[in-house]
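First comes the structure, then the notes that go with it.
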Protein chains: 2
Amino acid sequence: MCCLSKSLVYFLSLLFFVNGFADVDPLPSWNEGEIKTALIQFVKDVTDKNSSYYVAPEERIATFDQDGTLWVEQPIYTQFIFAIDRVKAIAENHPEWKKQEPFQTIMEGDLEKMKKFTDKDFIEIVAATHAGMSVEDFEKIVRDWLKNTVHPRFKKPFTDLVYQPMLEVIQFLAANDFQNYIVSGGGQEFMRAYAERVYRIPLQRIIGSAGFVNYEYRDGKPVLIKQPKILFIDDKKGKPEGINLFIGRRPIAAFGNSDGDRQMLEWTQAGKGKRFELLVHHDDAVREYAYGPESKVGTFSDALMEEAMQKKWHVVSMKRDWKVIFNP
Amino acid sequence: MCCLSKSLVYFLSLLFFVNGFADVDPLPSWNEGEIKTALIQFVKDVTDKNSSYYVAPEERIATFDQDGTLWVEQPIYTQFIFAIDRVKAIAENHPEWKKQEPFQTIMEGDLEKMKKFTDKDFIEIVAATHAGMSVEDFEKIVRDWLKNTVHPRFKKPFTDLVYQPMLEVIQFLAANDFQNYIVSGGGQEFMRAYAERVYRIPLQRIIGSAGFVNYEYRDGKPVLIKQPKILFIDDKKGKPEGINLFIGRRPIAAFGNSDGDRQMLEWTQAGKGKRFELLVHHDDAVREYAYGPESKVGTFSDALMEEAMQKKWHVVSMKRDWKVIFNP
């Protein structure tokens, strides 16, 4: 610091104050440690015009996986619980489902068998439950369901089961002129029903797997009808591909929790300048869940952990790094 | 005005000043007339918190077609001139093209025959010229081409042949916290090479027809390679479908110039509250071009004109409404 003039120090302190670095801890739900320190330093570096790491606001893109990174994904993805409930809700119109897989398994309520569903099974379920209505009608169905459904273990609405430490990261980045995006393998239209309100991320920045919609006229009015056909899957290598399609800029920070996020973190890191990559590792069975390579949902393989160590990605231990999991 | 208190009038005048309504004409290249008046009134209404037409900033979405709405599209789409030049540039690697359509017609330079190309022809040409390289390499090819190519009639770079009155609309809306988007039938990656700079619309808001990209590793580094396969066409009914996919909100203002924009304007108008729909009609052969139902590029059919009249969409006469066409 010896070489900085007094006025420069004053100017810098002003800057830090404006960016919220001065007195207020931007990440109060995080325990002090390597990851919290590194994230705050990263944001300081890329927002400091005097730093060689400075990044202009329009380039400050941060991407967040959703399931397991921002909210609970166990015992099975929330959207899948929704799909199961929808199958049951409309089953009376489909008597054939009683003897037709994958619907029969759902009607019988066999969760362990459901966890073994193939991609083809999932696509059939999504087609049966997520299509044939307008985009607005689908959104209303999801909202009503979220209002009336609780998580099987925590007995709270799913939208309450959002990780408070990650909400703080989103707010901290937004306060520093980052553009936060959700980049999820989950359904884009499903997330649109709640994500803006819950994460304070604008609708326009919610990227997910998407189906075709069809523009048509009903009663003389134009409507967009959801089709039982998938346009693209925003998972694994689909994440950087989706980022290119929707954003057209490479993120400078990326947050994930599973093998589905590997390529997004690689793509983020391979850009020039300072970058930040983080994986949430679920190792807290008491407060949330503990799972890893063996999991069918949110798999965190040994190969991913190895790549994370080798490439110096930050791996959050929920047990060690997070003071609280949910906002009480 | 009798019922407004002095302080309220003062407060409103401050508001208008902030929004640039007071002394400065936001649309100096527009002749006074019904359209200019209506656009200014529209922006006043949706930004005035005391108006029943008020729209919150996050909902102020405006969508602009590009070819023929923001820049010249005659004698043929700029991107098609690019594709022709690319075919010629790489032809020596493809001796078979000399006797293979649609490439033979391009090599022979028969523009009239080219205008009759089918969709299948176009897709083959795009596949041959827009794929097989990384997204970054493609962008560089487009940039270099734009630097070294001039319009056949105006003898200027294509990026100079942007309509000054429309640039003023974009700036006027942006100054009033609108989020402007390009929603073009043209290629998204092609536009990304110049549109942010030329229109001052962020890269993240440039929507167009898109091809598949593939995430792969070259020399150990991740790259996104453009594939010779179309993901979706952002034209006609593809425009509202693309708006739903990329934005997830219905525009409150939409600007187009041809049959390709009909559904986008319908979709915009069918929303609640005050809306603004505009079509540019090219009727100025002296300063630019005059074309209509008969055109192969930017067709403005009689049916579109009839719908515009019936639904009270604003139809710009370039001759009558625009003081200048290009920034001199």
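Chains: A, B, ... in order of the structure tokens. Residues: from 1 per chain. Ligands: from 1, in order shown.
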Residues of chain B within 9 Å of chain A, counting only C-alpha atoms - could you list those as a PyMOL selection string? chain B and resi 58+135+188-189+192+202-207+210-216+221-224+231-232+237-238+240-241+244-249+263+266-267+270
Would you save the residues from that selection as a short mmCIF file (atom, residue, chain, number, x, y, z; two decimals), in the first residue's frame, using N, CA and C atoms?
```
data_model
loop_
_atom_site.label_atom_id
_atom_site.label_comp_id
_atom_site.auth_asym_id
_atom_site.auth_seq_id
_atom_site.Cartn_x
_atom_site.Cartn_y
_atom_site.Cartn_z
N GLU B 58 -39.30 -3.56 -15.98
CA GLU B 58 -38.93 -4.93 -16.39
C GLU B 58 -39.88 -5.50 -17.44
N VAL B 135 -17.61 -20.75 -33.10
CA VAL B 135 -18.43 -19.55 -33.04
C VAL B 135 -17.55 -18.30 -33.15
N GLN B 188 -28.62 -15.50 -36.06
CA GLN B 188 -28.23 -14.88 -34.79
C GLN B 188 -26.72 -14.66 -34.70
N GLU B 189 -25.94 -15.68 -35.08
CA GLU B 189 -24.47 -15.55 -34.97
C GLU B 189 -23.95 -14.51 -35.96
N ARG B 192 -24.57 -11.14 -34.39
CA ARG B 192 -23.75 -10.89 -33.21
C ARG B 192 -22.40 -10.25 -33.56
N PRO B 202 -27.62 -4.77 -26.52
CA PRO B 202 -26.67 -5.74 -25.99
C PRO B 202 -26.76 -7.09 -26.71
N LEU B 203 -25.62 -7.72 -26.86
CA LEU B 203 -25.51 -9.05 -27.48
C LEU B 203 -26.57 -10.01 -26.94
N GLN B 204 -26.84 -9.91 -25.64
CA GLN B 204 -27.78 -10.82 -24.98
C GLN B 204 -29.20 -10.64 -25.50
N ARG B 205 -29.44 -9.57 -26.25
CA ARG B 205 -30.81 -9.30 -26.69
C ARG B 205 -30.94 -9.38 -28.21
N ILE B 206 -30.06 -10.15 -28.83
CA ILE B 206 -30.12 -10.30 -30.28
C ILE B 206 -30.61 -11.70 -30.59
N ILE B 207 -31.87 -11.77 -31.03
CA ILE B 207 -32.52 -13.04 -31.30
C ILE B 207 -32.63 -13.21 -32.81
N ALA B 210 -31.29 -19.76 -35.61
CA ALA B 210 -30.08 -20.32 -34.99
C ALA B 210 -29.84 -21.74 -35.47
N GLY B 211 -28.57 -22.08 -35.60
CA GLY B 211 -28.18 -23.45 -35.89
C GLY B 211 -27.72 -24.14 -34.63
N PHE B 212 -27.58 -25.45 -34.71
CA PHE B 212 -27.00 -26.19 -33.60
C PHE B 212 -25.52 -25.83 -33.46
N VAL B 213 -25.02 -25.80 -32.25
CA VAL B 213 -23.58 -25.79 -32.01
C VAL B 213 -23.24 -27.03 -31.21
N ASN B 214 -22.01 -27.47 -31.31
CA ASN B 214 -21.59 -28.65 -30.56
C ASN B 214 -20.40 -28.30 -29.68
N TYR B 215 -20.52 -28.64 -28.38
CA TYR B 215 -19.45 -28.42 -27.42
C TYR B 215 -18.46 -29.57 -27.56
N GLU B 216 -17.23 -29.27 -27.90
CA GLU B 216 -16.22 -30.33 -28.00
C GLU B 216 -14.85 -29.79 -27.60
N LYS B 221 -8.78 -27.84 -25.36
CA LYS B 221 -9.58 -26.67 -24.97
C LYS B 221 -11.02 -26.83 -25.44
N PRO B 222 -11.99 -26.43 -24.61
CA PRO B 222 -13.37 -26.54 -25.07
C PRO B 222 -13.68 -25.49 -26.13
N VAL B 223 -14.42 -25.91 -27.15
CA VAL B 223 -14.85 -25.00 -28.22
C VAL B 223 -16.29 -25.32 -28.58
N LEU B 224 -16.98 -24.31 -29.12
CA LEU B 224 -18.33 -24.50 -29.63
C LEU B 224 -18.25 -24.45 -31.15
N LEU B 231 -31.54 -25.20 -35.84
CA LEU B 231 -32.29 -25.43 -34.60
C LEU B 231 -33.69 -24.83 -34.71
N PHE B 232 -33.77 -23.56 -35.10
CA PHE B 232 -35.09 -23.01 -35.40
C PHE B 232 -35.00 -21.75 -36.25
N LYS B 237 -44.42 -17.15 -37.78
CA LYS B 237 -44.89 -17.58 -36.45
C LYS B 237 -43.72 -17.95 -35.54
N GLY B 238 -42.55 -18.18 -36.14
CA GLY B 238 -41.35 -18.39 -35.33
C GLY B 238 -40.96 -17.18 -34.50
N PRO B 240 -43.08 -14.89 -32.59
CA PRO B 240 -43.61 -14.99 -31.22
C PRO B 240 -43.10 -16.23 -30.48
N GLU B 241 -42.89 -17.32 -31.21
CA GLU B 241 -42.36 -18.52 -30.55
C GLU B 241 -40.95 -18.25 -30.01
N ASN B 244 -41.06 -15.99 -26.98
CA ASN B 244 -41.38 -16.77 -25.79
C ASN B 244 -40.16 -17.54 -25.28
N LEU B 245 -39.42 -18.14 -26.20
CA LEU B 245 -38.26 -18.94 -25.81
C LEU B 245 -37.18 -18.08 -25.16
N PHE B 246 -36.87 -16.95 -25.78
CA PHE B 246 -35.71 -16.16 -25.35
C PHE B 246 -36.06 -15.15 -24.27
N ILE B 247 -37.24 -14.56 -24.33
CA ILE B 247 -37.57 -13.46 -23.43
C ILE B 247 -38.54 -13.92 -22.35
N GLY B 248 -39.55 -14.67 -22.76
CA GLY B 248 -40.53 -15.14 -21.78
C GLY B 248 -41.53 -14.07 -21.37
N ARG B 249 -41.47 -12.92 -22.01
CA ARG B 249 -42.44 -11.84 -21.77
C ARG B 249 -42.96 -11.37 -23.12
N GLN B 263 -47.02 -11.99 -37.34
CA GLN B 263 -47.37 -12.67 -36.09
C GLN B 263 -46.77 -11.97 -34.88
N GLU B 266 -49.08 -9.12 -34.16
CA GLU B 266 -50.34 -9.64 -33.59
C GLU B 266 -50.17 -10.03 -32.12
N TRP B 267 -49.10 -10.74 -31.86
CA TRP B 267 -48.82 -11.23 -30.50
C TRP B 267 -48.63 -10.05 -29.53
N ALA B 270 -52.04 -8.34 -28.88
CA ALA B 270 -53.04 -9.14 -28.16
C ALA B 270 -52.85 -9.09 -26.64
#
```
Polymer residues at most 12 Å from Leu173 (chain A), only C-alpha atoms, same-chain spacing of 4 or more positions, as an MDAnalysis selection string: chainID A and resid 19:21 26:27 39:40 42:44 46:47 57 60:64 166:169 177:181 200:201 252:254 276
Write out chain B, as a CSV table (one decimal) with C-alpha atoms, in the first residue's frame, after superposing it onto chain A by least squares using every C-alpha atom paired in order.
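Ended up saving to superposed.csv:
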```
chain,number,residue,atom,x,y,z
B,1,MET,CA,0.0,1.0,0.1
B,2,CYS,CA,3.0,3.4,0.5
B,3,CYS,CA,2.7,4.6,-3.1
B,4,LEU,CA,-1.0,5.5,-3.1
B,5,SER,CA,-1.8,9.1,-2.5
B,6,LYS,CA,-4.3,10.0,0.2
B,7,SER,CA,-6.9,11.1,-2.3
B,8,LEU,CA,-6.6,7.9,-4.2
B,9,VAL,CA,-7.1,5.9,-1.0
B,10,TYR,CA,-10.1,8.0,-0.3
B,11,PHE,CA,-11.4,7.5,-3.8
B,12,LEU,CA,-10.9,3.7,-3.6
B,13,SER,CA,-12.6,3.5,-0.2
B,14,LEU,CA,-15.6,5.3,-1.7
B,15,LEU,CA,-15.7,2.8,-4.6
B,16,PHE,CA,-15.6,-0.1,-2.1
B,17,PHE,CA,-18.3,1.5,-0.1
B,18,VAL,CA,-20.5,1.9,-3.2
B,19,ASN,CA,-19.9,-1.7,-4.0
B,20,GLY,CA,-20.8,-2.8,-0.5
B,21,PHE,CA,-17.4,-4.0,0.5
B,22,ALA,CA,-16.8,-1.6,3.4
B,23,ASP,CA,-18.8,-2.3,6.5
B,24,VAL,CA,-21.4,-4.8,5.5
B,25,ASP,CA,-20.6,-8.5,5.1
B,26,PRO,CA,-22.1,-9.4,1.7
B,27,LEU,CA,-22.2,-13.1,2.6
B,28,PRO,CA,-23.4,-13.3,6.2
B,29,SER,CA,-24.6,-16.9,5.9
B,30,TRP,CA,-21.1,-18.1,4.8
B,31,ASN,CA,-18.6,-19.2,7.4
B,32,GLU,CA,-15.2,-17.4,7.0
B,33,GLY,CA,-12.9,-19.5,4.9
B,34,GLU,CA,-11.1,-20.0,1.6
B,35,ILE,CA,-14.3,-19.9,-0.6
B,36,LYS,CA,-15.9,-16.8,0.9
B,37,THR,CA,-12.6,-14.9,0.8
B,38,ALA,CA,-12.0,-16.0,-2.8
B,39,LEU,CA,-15.4,-14.9,-4.0
B,40,ILE,CA,-15.2,-11.5,-2.4
B,41,GLN,CA,-11.7,-11.0,-3.9
B,42,PHE,CA,-12.9,-12.1,-7.3
B,43,VAL,CA,-15.7,-9.6,-7.3
B,44,LYS,CA,-13.3,-6.9,-6.1
B,45,ASP,CA,-10.9,-7.7,-8.8
B,46,VAL,CA,-13.3,-7.7,-11.8
B,47,THR,CA,-15.1,-4.5,-10.6
B,48,ASP,CA,-12.0,-2.5,-9.9
B,49,LYS,CA,-11.1,-0.3,-12.8
B,50,ASN,CA,-7.5,-0.1,-11.7
B,51,SER,CA,-7.1,-3.9,-11.7
B,52,SER,CA,-5.8,-5.8,-14.7
B,53,TYR,CA,-8.7,-8.2,-14.0
B,54,TYR,CA,-11.3,-5.5,-14.6
B,55,VAL,CA,-14.4,-6.6,-16.6
B,56,ALA,CA,-16.9,-4.2,-18.0
B,57,PRO,CA,-20.4,-4.6,-16.6
B,58,GLU,CA,-21.9,-5.9,-19.8
B,59,GLU,CA,-19.4,-8.8,-19.7
B,60,ARG,CA,-20.1,-9.7,-16.1
B,61,ILE,CA,-22.2,-12.8,-16.7
B,62,ALA,CA,-22.7,-15.3,-13.9
B,63,THR,CA,-24.6,-18.6,-14.5
B,64,PHE,CA,-26.2,-20.7,-11.9
B,65,ASP,CA,-27.5,-24.2,-12.1
B,66,GLN,CA,-30.8,-24.6,-10.1
B,67,ASP,CA,-31.5,-28.1,-8.8
B,68,GLY,CA,-29.1,-28.8,-5.9
B,69,THR,CA,-27.3,-25.5,-6.5
B,70,LEU,CA,-30.1,-23.0,-5.6
B,71,TRP,CA,-32.7,-25.2,-4.1
B,72,VAL,CA,-33.2,-28.8,-2.8
B,73,GLU,CA,-33.2,-31.6,-5.4
B,74,GLN,CA,-33.7,-34.6,-3.1
B,75,PRO,CA,-35.4,-37.1,-2.8
B,76,ILE,CA,-36.1,-36.3,-6.5
B,77,TYR,CA,-36.3,-33.1,-8.7
B,78,THR,CA,-39.2,-30.9,-7.7
B,79,GLN,CA,-40.3,-30.7,-11.3
B,80,PHE,CA,-40.6,-34.5,-11.3
B,81,ILE,CA,-42.8,-34.4,-8.2
B,82,PHE,CA,-44.9,-31.9,-10.1
B,83,ALA,CA,-45.1,-34.2,-13.1
B,84,ILE,CA,-46.1,-37.2,-10.9
B,85,ASP,CA,-48.9,-35.1,-9.3
B,86,ARG,CA,-50.0,-34.0,-12.8
B,87,VAL,CA,-50.2,-37.6,-14.0
B,88,LYS,CA,-52.4,-38.4,-11.1
B,89,ALA,CA,-54.5,-35.3,-11.5
B,90,ILE,CA,-55.4,-36.0,-15.2
B,91,ALA,CA,-55.3,-39.9,-14.9
B,92,GLU,CA,-59.1,-40.2,-15.1
B,93,ASN,CA,-58.9,-39.0,-18.7
B,94,HIS,CA,-56.4,-41.7,-19.4
B,95,PRO,CA,-57.7,-45.1,-18.3
B,96,GLU,CA,-55.1,-46.7,-20.5
B,97,TRP,CA,-52.3,-45.5,-18.1
B,98,LYS,CA,-53.3,-48.2,-15.6
B,99,LYS,CA,-51.5,-50.7,-17.8
B,100,GLN,CA,-49.1,-48.5,-19.6
B,101,GLU,CA,-45.6,-47.7,-18.5
B,102,PRO,CA,-44.2,-45.4,-17.3
B,103,PHE,CA,-47.6,-44.2,-16.1
B,104,GLN,CA,-48.5,-47.5,-14.3
B,105,THR,CA,-45.4,-47.1,-12.0
B,106,ILE,CA,-46.4,-43.5,-11.2
B,107,MET,CA,-50.0,-44.5,-10.4
B,108,GLU,CA,-48.7,-47.3,-8.1
B,109,GLY,CA,-46.5,-44.7,-6.3
B,110,ASP,CA,-43.3,-46.8,-6.5
B,111,LEU,CA,-40.6,-44.0,-6.0
B,112,GLU,CA,-37.6,-46.4,-6.2
B,113,LYS,CA,-38.8,-47.7,-9.5
B,114,MET,CA,-39.4,-44.2,-10.7
B,115,LYS,CA,-35.8,-43.3,-9.9
B,116,LYS,CA,-34.8,-45.8,-12.5
B,117,PHE,CA,-36.9,-44.2,-15.3
B,118,THR,CA,-35.0,-43.9,-18.6
B,119,ASP,CA,-34.7,-40.6,-20.6
B,120,LYS,CA,-37.5,-42.0,-22.9
B,121,ASP,CA,-39.7,-42.5,-19.8
B,122,PHE,CA,-39.1,-38.9,-18.7
B,123,ILE,CA,-39.8,-37.5,-22.2
B,124,GLU,CA,-43.1,-39.4,-22.3
B,125,ILE,CA,-44.1,-38.1,-18.9
B,126,VAL,CA,-43.2,-34.5,-19.8
B,127,ALA,CA,-45.1,-34.8,-23.0
B,128,ALA,CA,-48.2,-36.0,-21.2
B,129,THR,CA,-48.1,-33.4,-18.5
B,130,HIS,CA,-46.3,-30.3,-19.9
B,131,ALA,CA,-48.0,-29.9,-23.3
B,132,GLY,CA,-51.4,-29.3,-24.9
B,133,MET,CA,-52.1,-26.1,-23.1
B,134,SER,CA,-51.1,-22.4,-23.5
B,135,VAL,CA,-47.9,-21.1,-21.9
B,136,GLU,CA,-50.0,-19.0,-19.6
B,137,ASP,CA,-52.3,-21.9,-18.6
B,138,PHE,CA,-49.2,-24.0,-17.8
B,139,GLU,CA,-47.7,-21.3,-15.7
B,140,LYS,CA,-50.9,-21.1,-13.7
B,141,ILE,CA,-51.0,-24.8,-13.1
B,142,VAL,CA,-47.4,-24.7,-11.8
B,143,ARG,CA,-48.1,-21.7,-9.5
B,144,ASP,CA,-51.2,-23.4,-8.0
B,145,TRP,CA,-49.3,-26.6,-7.5
B,146,LEU,CA,-46.4,-24.8,-5.7
B,147,LYS,CA,-48.9,-23.0,-3.5
B,148,ASN,CA,-50.6,-26.3,-2.4
B,149,THR,CA,-47.6,-28.7,-2.1
B,150,VAL,CA,-45.0,-29.2,0.5
B,151,HIS,CA,-41.6,-31.0,0.5
B,152,PRO,CA,-42.0,-34.6,1.8
B,153,ARG,CA,-39.3,-34.2,4.4
B,154,PHE,CA,-39.2,-30.5,5.3
B,155,LYS,CA,-43.0,-30.0,5.1
B,156,LYS,CA,-42.5,-26.6,3.6
B,157,PRO,CA,-43.3,-25.2,0.1
B,158,PHE,CA,-40.5,-26.0,-2.3
B,159,THR,CA,-39.9,-22.2,-2.9
B,160,ASP,CA,-38.9,-21.9,0.8
B,161,LEU,CA,-36.2,-24.6,0.3
B,162,VAL,CA,-33.8,-22.2,-1.4
B,163,TYR,CA,-30.3,-22.0,-0.1
B,164,GLN,CA,-29.8,-18.7,1.8
B,165,PRO,CA,-26.0,-18.6,1.1
B,166,MET,CA,-26.6,-18.8,-2.6
B,167,LEU,CA,-29.3,-16.1,-2.5
B,168,GLU,CA,-26.6,-13.9,-0.9
B,169,VAL,CA,-24.2,-14.7,-3.8
B,170,ILE,CA,-26.9,-13.7,-6.3
B,171,GLN,CA,-27.6,-10.5,-4.5
B,172,PHE,CA,-23.9,-9.7,-4.0
B,173,LEU,CA,-23.2,-10.2,-7.7
B,174,ALA,CA,-26.2,-8.2,-8.8
B,175,ALA,CA,-25.2,-5.3,-6.5
B,176,ASN,CA,-21.9,-5.3,-8.4
B,177,ASP,CA,-23.6,-5.1,-11.8
B,178,PHE,CA,-23.3,-8.7,-12.7
B,179,GLN,CA,-26.0,-10.2,-14.9
B,180,ASN,CA,-27.1,-13.4,-13.2
B,181,TYR,CA,-28.6,-16.2,-15.3
B,182,ILE,CA,-30.1,-19.5,-14.3
B,183,VAL,CA,-28.9,-22.3,-16.6
B,184,SER,CA,-30.7,-25.4,-15.5
B,185,GLY,CA,-31.4,-28.8,-17.0
B,186,GLY,CA,-35.0,-28.3,-15.6
B,187,GLY,CA,-37.8,-27.0,-17.7
B,188,GLN,CA,-37.6,-23.3,-18.6
B,189,GLU,CA,-41.4,-22.8,-18.5
B,190,PHE,CA,-41.6,-24.6,-15.2
B,191,MET,CA,-39.0,-22.3,-13.6
B,192,ARG,CA,-40.6,-19.2,-15.1
B,193,ALA,CA,-43.6,-19.7,-12.8
B,194,TYR,CA,-41.6,-18.8,-9.7
B,195,ALA,CA,-37.9,-18.2,-10.3
B,196,GLU,CA,-38.1,-14.4,-10.9
B,197,ARG,CA,-39.8,-13.9,-7.5
B,198,VAL,CA,-37.8,-16.5,-5.6
B,199,TYR,CA,-34.2,-15.7,-6.9
B,200,ARG,CA,-34.8,-12.1,-8.0
B,201,ILE,CA,-33.4,-13.1,-11.4
B,202,PRO,CA,-35.4,-11.5,-14.3
B,203,LEU,CA,-37.6,-13.9,-16.3
B,204,GLN,CA,-35.5,-13.0,-19.4
B,205,ARG,CA,-32.5,-14.6,-17.8
B,206,ILE,CA,-33.9,-18.0,-16.9
B,207,ILE,CA,-32.5,-20.6,-19.3
B,208,GLY,CA,-33.6,-24.2,-19.1
B,209,SER,CA,-34.6,-27.2,-21.2
B,210,ALA,CA,-37.3,-26.2,-23.6
B,211,GLY,CA,-40.1,-27.7,-25.6
B,212,PHE,CA,-41.5,-26.5,-28.9
B,213,VAL,CA,-44.4,-24.1,-28.7
B,214,ASN,CA,-46.8,-23.4,-31.6
B,215,TYR,CA,-48.3,-20.0,-32.4
B,216,GLU,CA,-52.0,-20.5,-33.3
B,217,TYR,CA,-55.3,-18.8,-33.0
B,218,ARG,CA,-58.1,-19.8,-30.6
B,219,ASP,CA,-61.3,-17.8,-30.7
B,220,GLY,CA,-59.6,-15.4,-33.0
B,221,LYS,CA,-56.9,-14.7,-30.4
B,222,PRO,CA,-53.2,-15.7,-30.9
B,223,VAL,CA,-51.9,-18.2,-28.3
B,224,LEU,CA,-48.7,-20.1,-27.8
B,225,ILE,CA,-49.5,-23.8,-27.2
B,226,LYS,CA,-46.9,-26.1,-25.6
B,227,GLN,CA,-46.1,-29.1,-27.8
B,228,PRO,CA,-45.1,-32.6,-26.7
B,229,LYS,CA,-41.7,-32.3,-28.4
B,230,ILE,CA,-38.4,-31.3,-27.0
B,231,LEU,CA,-36.4,-28.4,-28.6
B,232,PHE,CA,-33.3,-28.9,-26.6
B,233,ILE,CA,-32.0,-30.3,-23.3
B,234,ASP,CA,-30.0,-27.7,-21.3
B,235,ASP,CA,-27.8,-30.2,-19.4
B,236,LYS,CA,-24.2,-31.3,-19.6
B,237,LYS,CA,-22.7,-30.1,-22.9
B,238,GLY,CA,-26.1,-28.6,-23.6
B,239,LYS,CA,-25.3,-26.0,-20.9
B,240,PRO,CA,-22.4,-24.2,-22.8
B,241,GLU,CA,-24.4,-24.7,-26.0
B,242,GLY,CA,-27.5,-23.1,-24.3
B,243,ILE,CA,-25.4,-20.3,-22.9
B,244,ASN,CA,-24.1,-19.5,-26.4
B,245,LEU,CA,-27.7,-19.6,-27.8
B,246,PHE,CA,-29.3,-17.5,-25.2
B,247,ILE,CA,-26.6,-15.2,-24.0
B,248,GLY,CA,-23.9,-15.2,-26.6
B,249,ARG,CA,-21.2,-14.3,-24.1
B,250,ARG,CA,-19.1,-16.6,-22.0
B,251,PRO,CA,-19.7,-16.4,-18.2
B,252,ILE,CA,-17.0,-15.2,-15.9
B,253,ALA,CA,-18.5,-17.0,-13.0
B,254,ALA,CA,-20.4,-20.3,-12.9
B,255,PHE,CA,-22.1,-22.2,-10.0
B,256,GLY,CA,-23.2,-25.9,-10.1
B,257,ASN,CA,-23.4,-29.0,-8.0
B,258,SER,CA,-23.2,-32.1,-10.3
B,259,ASP,CA,-21.9,-33.8,-13.3
B,260,GLY,CA,-24.5,-31.9,-15.3
B,261,ASP,CA,-22.6,-28.7,-14.7
B,262,ARG,CA,-19.1,-29.9,-15.6
B,263,GLN,CA,-19.0,-28.5,-19.1
B,264,MET,CA,-20.5,-25.1,-18.0
B,265,LEU,CA,-17.6,-24.7,-15.5
B,266,GLU,CA,-15.0,-25.8,-18.1
B,267,TRP,CA,-16.4,-23.4,-20.6
B,268,THR,CA,-16.4,-20.6,-18.0
B,269,GLN,CA,-12.8,-21.3,-16.9
B,270,ALA,CA,-11.5,-21.6,-20.5
B,271,GLY,CA,-12.1,-17.8,-21.1
B,272,LYS,CA,-9.5,-15.1,-20.7
B,273,GLY,CA,-8.9,-13.2,-17.5
B,274,LYS,CA,-10.0,-14.0,-13.9
B,275,ARG,CA,-12.8,-16.5,-13.6
B,276,PHE,CA,-14.7,-18.1,-10.7
B,277,GLU,CA,-16.0,-21.7,-10.7
B,278,LEU,CA,-17.9,-23.3,-7.8
B,279,LEU,CA,-19.5,-26.6,-7.0
B,280,VAL,CA,-21.8,-27.2,-4.1
B,281,HIS,CA,-21.1,-30.6,-2.5
B,282,HIS,CA,-24.0,-32.0,-0.5
B,283,ASP,CA,-22.4,-33.5,2.6
B,284,ASP,CA,-24.8,-32.4,5.3
B,285,ALA,CA,-27.3,-35.2,6.0
B,286,VAL,CA,-28.5,-33.5,9.2
B,287,ARG,CA,-29.5,-30.1,7.9
B,288,GLU,CA,-30.1,-31.2,4.2
B,289,TYR,CA,-28.8,-34.3,2.4
B,290,ALA,CA,-25.5,-36.0,1.8
B,291,TYR,CA,-25.0,-37.6,-1.6
B,292,GLY,CA,-22.3,-38.1,-4.2
B,293,PRO,CA,-21.2,-40.5,-6.9
B,294,GLU,CA,-23.9,-43.0,-6.2
B,295,SER,CA,-26.8,-40.6,-6.4
B,296,LYS,CA,-29.4,-40.9,-9.2
B,297,VAL,CA,-30.3,-37.2,-8.7
B,298,GLY,CA,-27.5,-34.6,-8.8
B,299,THR,CA,-24.7,-37.1,-9.2
B,300,PHE,CA,-21.3,-35.7,-8.1
B,301,SER,CA,-19.0,-38.4,-9.5
B,302,ASP,CA,-15.4,-39.1,-8.4
B,303,ALA,CA,-14.2,-37.9,-11.8
B,304,LEU,CA,-15.9,-34.5,-11.3
B,305,MET,CA,-14.3,-34.2,-7.9
B,306,GLU,CA,-10.9,-35.0,-9.4
B,307,GLU,CA,-11.4,-32.5,-12.2
B,308,ALA,CA,-12.5,-29.9,-9.6
B,309,MET,CA,-9.3,-30.4,-7.6
B,310,GLN,CA,-7.0,-30.4,-10.6
B,311,LYS,CA,-8.6,-27.2,-12.0
B,312,LYS,CA,-8.9,-25.5,-8.6
B,313,TRP,CA,-12.6,-25.1,-8.8
B,314,HIS,CA,-14.1,-24.2,-5.4
B,315,VAL,CA,-16.0,-27.1,-3.8
B,316,VAL,CA,-18.4,-26.0,-1.1
B,317,SER,CA,-18.9,-28.3,1.8
B,318,MET,CA,-22.4,-27.4,3.0
B,319,LYS,CA,-21.4,-28.7,6.5
B,320,ARG,CA,-18.3,-26.6,6.8
B,321,ASP,CA,-19.0,-23.5,4.7
B,322,TRP,CA,-22.7,-22.6,5.3
B,323,LYS,CA,-23.9,-21.2,8.6
B,324,VAL,CA,-27.5,-21.7,7.6
B,325,ILE,CA,-29.0,-23.7,4.7
B,326,PHE,CA,-32.4,-22.1,4.5
B,327,ASN,CA,-33.7,-18.7,5.5
B,328,PRO,CA,-35.5,-19.6,8.8
```
What residues in region 152-261 of chain B get the DSSP label helix (DSSP H, G or I)? Please answer as a ChimeraX atom specification. /B:158-160,164-175,188-192,195-199,203-205,238-246,259-261
